[in-house]
Amino acid sequence: MKTIITVFGSTGDLMYKKLLPALTNLIRRNRMNKDLEILCVGRRDYTTEDYIQEAKKQSLDTLEWKYIEPVIKYVKLDIKEKESYSTLNNIIKKNGQDLDVIFYLAVPPNLFPVIAEGISEAKLIEKNDPSRRIVFEKPFGEDLKSAQSINKKLWHYFDESQIYRIDHFLGKDMIQNILVIRFANMIFESTWDHESIESVYIIAKEKEDIGSRGNFYDNIGALKDMVQNHLMQMVSLIAMEEPATFDETGIRQEKVKVLKNLRIDTEDLILGQYQGYKDHDNVDQNSITETFVAFKATINNSRWNTTPFYFMTGKKLNEKRSEIIINFKPNTHVKKLWPDTDLSKNQLIIRVAPEEGIYFEFNVKSAGLTSDIKAIPMDYCHTCQIPDGNVPEAYEKLILDISNNNPTLFPRWDEIETAWAIIDALDKKLPKPFIYKDYDSLKPKLKNLFKEVI
Ligand code: BG6
C-alpha cells in the first residue's frame, strides 16, 4: 500500500520549519512507508523544482534533502476553487486503489471549513474509511462556541476516528513520559495525591517575543495560545486517574475528567504584556492582549482537592524552559528524630525543554564522619540516552502516529471543548495586563504564588 500525504499550506512556516524536517527524519530513520509521496499544495506558480529550491531557502540548514527530495511533488491549486479538489482527486487516483491518504491542513482555521468541504465533496475522504485521515493544527476556534461549531462542521464530513487534532506538546518525549513515570513506578504511584503532594507547578517560559505573528497573536494572547491547549494537556496527564487501558480510549477518557474538575482561581490571576509588544506589526496600539499569564488552580476531586496547581507561561522572559515541578510534603512526623534539622522536601522535576530529563531531590546522611543530613539531586538526562544525539522532534512522533492510525496522542473533541470552557469562564474577569520590562520586573507580582520557583 502506498502512502500519500497531502499538505495544504505547504509554503508556510509550519511546513518549512517543522513538517519537512520531521518527515525527512522519519524517512532517514526508515520509519515511513517506503512507497511514499508528499503532495505539497500551494497557490504559487511553482514547479516541483522551484518549490524545493524555495523550501531549501526557508528550511533548517541541517535538512538532509536526499531523503525527502525524491518523494516531494508540488501541486498548484487554489483551495477556494471547487475544481481544485477534482484535480487533486485525479492526481491521487493515478496511484491506484490501494492507498493510505492523509490530508494535513497547515493553514489558518478560517480555511478549515472550505478545505474540509472540498475534500469531502470530491470524495477524497469518505466517512468511516480509516485509510483516509485529516489532520488539523491548532487553534481549534477561539472559544467554546467556535470550537463546537468547527467540530460540528467536521463531523458533517468525517468520522471522529478520521480526525487528528494536533497539540505538538503531546509529541514531546518527556510529556509522553509523564504516564510512565507515574504508573510504572510504585514509589510515585502510591504517593501521587494531596496526602503526599504539597504543590504542582506547570511552567512554559519562552525567551522569544511574538516576532512577526502580530496578526495572529493579538487576537489570541497567552491564555488561548498556550494555556487552553499545551498547559491543559500537561495538567490532565499529571492529574488523571489510572486509565483502564493504555490506549486512546482509556487515556483520553481520564484526561477529560481532570479538565471537567479544574477551576482557575481568578483572585490570583496575573496577566502581563511585555514592553514593546505594541511596536510589533499588526498589533493594536491600545492592545490589552496578555503575553504572560500566571495563576493558581484546583482540581475538585478526592485525589487532589487540597493540592494547588500553579501555572505560568509567557513570552520575552529570562529563558526558554518548560517543566513540571512536583513538591512533596515535608515528612513532619520524623521531626522528633532530627529536631535541629530542617529536612528538605522531596522534589521531582519533569524537564520537558530545552533539556529533557528527570530531577529528583531526596535526603541523605552526608558522607564521612558527620551525622549531617543534606538534600542531594538525582539528575537523569533523557537526551543523553540517544547515542547519536539525534533527538526526535515532537512532530516526528505525531506524524508517525498519524501514519500508523494511532490517535492516542491527539486531543479528543471533548478535551478541546472542556479546555475552552475553562478559558471562557475567565473572560469577564480578566484584569488589565501589567507591563513588564523583563522577567525580573514580574517577580514582585509572582512572589506570593511562585516564591518557590522564581
Ligand atoms: C505554539 C504557540 O503552539 O507553541 C507558540 O503558538 C509557542 O506561541 C510554541 O511559541 C511553543 O512551543 P515549543 O515547542 O517551542 O515550546
# chains A, B, ... in the order shown; residues from 1 in each chain; ligands from 1
call {"tool": "closest_atom_pairs", "arguments": {"of": "chain A", "to": "ligand 1", "cutoff": "10 Å", "atoms": "only C-alpha atoms and all ligand atoms", "output": "tab-separated table"}}
result
residue	atom	partner	partner_atom_place_in_ligand_line	distance
A:Glu137	CA	ligand 1	3 (O)	9.1
A:Lys138	CA	ligand 1	3 (O)	7.4
A:Pro139	CA	ligand 1	6 (O)	8.2
A:Ile166	CA	ligand 1	3 (O)	9.6
A:Asp167	CA	ligand 1	3 (O)	7.3
A:His168	CA	ligand 1	14 (O)	6.9
A:Phe169	CA	ligand 1	14 (O)	6.3
A:Leu170	CA	ligand 1	14 (O)	9.9
A:Gly171	CA	ligand 1	14 (O)	9.4
A:Lys172	CA	ligand 1	14 (O)	8.1
A:Ala204	CA	ligand 1	16 (O)	7.1
A:Lys205	CA	ligand 1	16 (O)	8.2
A:Glu206	CA	ligand 1	10 (O)	7.0
A:Lys207	CA	ligand 1	10 (O)	9.3
A:Glu208	CA	ligand 1	10 (O)	7.7
A:Asp209	CA	ligand 1	10 (O)	8.4
A:Ile210	CA	ligand 1	8 (O)	7.0
A:Gly211	CA	ligand 1	8 (O)	9.7
A:Arg213	CA	ligand 1	8 (O)	8.6
A:Phe216	CA	ligand 1	6 (O)	9.1
A:Tyr217	CA	ligand 1	8 (O)	7.8
A:Ile220	CA	ligand 1	6 (O)	9.5
A:Gly221	CA	ligand 1	8 (O)	8.8
A:Ala222	CA	ligand 1	8 (O)	7.7
A:Lys224	CA	ligand 1	6 (O)	8.9
A:Asp225	CA	ligand 1	6 (O)	5.2
A:Met226	CA	ligand 1	2 (C)	6.0
A:Val227	CA	ligand 1	3 (O)	9.7
A:Asn229	CA	ligand 1	3 (O)	8.0
A:His230	CA	ligand 1	3 (O)	7.2
A:Thr291	CA	ligand 1	8 (O)	9.4
A:Thr313	CA	ligand 1	7 (C)	9.8
A:Gly314	CA	ligand 1	8 (O)	8.9
A:Lys315	CA	ligand 1	10 (O)	7.8
A:Lys320	CA	ligand 1	16 (O)	7.7
A:Arg321	CA	ligand 1	16 (O)	7.9
A:Ser322	CA	ligand 1	16 (O)	6.9
A:Val352	CA	ligand 1	16 (O)	8.7
A:Ala353	CA	ligand 1	16 (O)	7.0
A:Pro354	CA	ligand 1	16 (O)	8.3
A:Glu393	CA	ligand 1	14 (O)	9.1
A:Ala394	CA	ligand 1	14 (O)	7.8
A:Tyr395	CA	ligand 1	14 (O)	9.6
call {"tool": "select_by_dssp", "arguments": {"residues": "range 250-367 of chain A", "states": "strand (DSSP E)", "output": "number ranges by chain"}}
result
A: 262-274, 292-299, 309-314, 321-328, 347-353, 357-365
call {"tool": "residues_around", "arguments": {"residues": "Asn261 in chain A", "least_positions_apart": "5", "cutoff": "7 Å", "atoms": "only C-alpha atoms", "output": "NGL selection string"}}
result
:A and (299-301)
call {"tool": "closest_residue", "arguments": {"among": "A:Val180, A:Leu105, A:Leu144, A:Leu237", "to": "Glu254 in chain A", "atoms": "only C-alpha atoms"}}
result
A:Leu237
call {"tool": "atom_distance", "arguments": {"atom1": "CA of Glu248 in chain A", "atom2": "CA of Val200 in chain A"}}
result
25.4 Å
call {"tool": "residues_around", "arguments": {"residues": "Arg412 in chain A", "least_positions_apart": "3", "cutoff": "8 Å", "atoms": "only C-alpha atoms", "output": "NGL selection string"}}
result
:A and (165 or 252 or 415-416)
call {"tool": "closest_residue", "arguments": {"among": "A:Tyr164, A:Glu81, A:Leu409, A:Leu26", "to": "Gly250 in chain A", "atoms": "only C-alpha atoms"}}
result
A:Leu409
call {"tool": "residues_around", "arguments": {"residues": "Lys443 in chain A", "least_positions_apart": "3", "cutoff": "12 Å", "atoms": "only C-alpha atoms", "output": "PyMOL selection string"}}
result
chain A and resi 270+272+294+317-318+434+436-440+446-454
call {"tool": "atom_distance", "arguments": {"atom1": "CA of Tyr74 in chain A", "atom2": "CA of Gly118 in chain A"}}
result
18.8 Å
call {"tool": "residues_around", "arguments": {"residues": "Ile423 in chain A", "least_positions_apart": "4", "cutoff": "7 Å", "atoms": "only C-alpha atoms", "output": "JSON, numbers by chain"}}
result
{"A": [228, 419, 427]}
call {"tool": "atom_distance", "arguments": {"atom1": "CA of Lys316 in chain A", "atom2": "CA of Tyr16 in chain A"}}
result
24.0 Å
call {"tool": "closest_residue", "arguments": {"among": "A:Ile358, A:Ile325, A:Ile150, A:Leu124", "to": "Pro377 in chain A", "atoms": "only C-alpha atoms"}}
result
A:Ile358
call {"tool": "closest_atom_pairs", "arguments": {"of": "range 344-442 of chain A", "to": "range 19-24 of chain A", "cutoff": "12 Å", "atoms": "only C-alpha atoms", "output": "Markdown table"}}
result
| residue | atom | partner | partner_atom | distance |
| --- | --- | --- | --- | --- |
| A:Asn390 | CA | A:Ala22 | CA | 11.9 |
| A:Val391 | CA | A:Ala22 | CA | 11.1 |
| A:Pro392 | CA | A:Ala22 | CA | 8.0 |
| A:Glu393 | CA | A:Ala22 | CA | 6.7 |
| A:Ala394 | CA | A:Ala22 | CA | 8.3 |
| A:Tyr395 | CA | A:Ala22 | CA | 5.8 |
| A:Glu396 | CA | A:Ala22 | CA | 4.7 |
| A:Lys397 | CA | A:Ala22 | CA | 8.5 |
| A:Leu398 | CA | A:Ala22 | CA | 9.3 |
| A:Ile399 | CA | A:Leu23 | CA | 7.6 |
| A:Leu400 | CA | A:Leu23 | CA | 8.9 |
| A:Ser403 | CA | A:Leu23 | CA | 11.1 |
call {"tool": "closest_residue", "arguments": {"among": "A:Leu99, A:Met32, A:Cys40, A:Ala297", "to": "Thr6 in chain A", "atoms": "only C-alpha atoms"}}
result
A:Cys40
call {"tool": "residues_around", "arguments": {"residues": "Phe183 in chain A", "least_positions_apart": "3", "cutoff": "10 Å", "atoms": "only C-alpha atoms", "output": "PyMOL selection string"}}
result
chain A and resi 178-180+186-190+192+241-243
call {"tool": "write_last_selection", "arguments": {"atoms": "N, CA and C atoms", "output": "PDB file, in the first residue's frame"}}
result
ATOM      1  N   ILE A 178       5.302  11.229  31.129  1.00  0.00           N
ATOM      2  CA  ILE A 178       4.590  11.506  32.392  1.00  0.00           C
ATOM      3  C   ILE A 178       3.849  10.255  32.881  1.00  0.00           C
ATOM      4  N   LEU A 179       3.116   9.608  31.996  1.00  0.00           N
ATOM      5  CA  LEU A 179       2.313   8.457  32.434  1.00  0.00           C
ATOM      6  C   LEU A 179       3.194   7.283  32.838  1.00  0.00           C
ATOM      7  N   VAL A 180       4.349   7.151  32.185  1.00  0.00           N
ATOM      8  CA  VAL A 180       5.250   6.047  32.553  1.00  0.00           C
ATOM      9  C   VAL A 180       5.847   6.325  33.937  1.00  0.00           C
ATOM     10  N   MET A 186       6.068   2.307  41.498  1.00  0.00           N
ATOM     11  CA  MET A 186       5.277   2.210  42.726  1.00  0.00           C
ATOM     12  C   MET A 186       5.545   3.410  43.639  1.00  0.00           C
ATOM     13  N   ILE A 187       6.837   3.833  43.662  1.00  0.00           N
ATOM     14  CA  ILE A 187       7.237   4.918  44.564  1.00  0.00           C
ATOM     15  C   ILE A 187       6.413   6.183  44.298  1.00  0.00           C
ATOM     16  N   PHE A 188       6.094   6.437  43.025  1.00  0.00           N
ATOM     17  CA  PHE A 188       5.300   7.632  42.729  1.00  0.00           C
ATOM     18  C   PHE A 188       3.807   7.315  42.727  1.00  0.00           C
ATOM     19  N   GLU A 189       3.464   6.154  42.201  1.00  0.00           N
ATOM     20  CA  GLU A 189       2.037   5.852  42.076  1.00  0.00           C
ATOM     21  C   GLU A 189       1.340   5.912  43.429  1.00  0.00           C
ATOM     22  N   SER A 190       2.052   5.425  44.474  1.00  0.00           N
ATOM     23  CA  SER A 190       1.384   5.352  45.773  1.00  0.00           C
ATOM     24  C   SER A 190       1.405   6.696  46.520  1.00  0.00           C
ATOM     25  N   TRP A 192       0.938   9.754  44.783  1.00  0.00           N
ATOM     26  CA  TRP A 192       0.523  10.765  43.805  1.00  0.00           C
ATOM     27  C   TRP A 192      -0.853  11.339  44.162  1.00  0.00           C
ATOM     28  N   GLU A 241      -6.535   9.938  36.552  1.00  0.00           N
ATOM     29  CA  GLU A 241      -6.557   8.626  37.224  1.00  0.00           C
ATOM     30  C   GLU A 241      -5.922   7.592  36.305  1.00  0.00           C
ATOM     31  N   GLU A 242      -5.594   6.437  36.866  1.00  0.00           N
ATOM     32  CA  GLU A 242      -5.033   5.374  36.035  1.00  0.00           C
ATOM     33  C   GLU A 242      -6.057   4.963  34.970  1.00  0.00           C
ATOM     34  N   PRO A 243      -5.647   4.947  33.701  1.00  0.00           N
ATOM     35  CA  PRO A 243      -6.629   4.576  32.674  1.00  0.00           C
ATOM     36  C   PRO A 243      -6.922   3.081  32.699  1.00  0.00           C
TER      37      PRO A 243
END
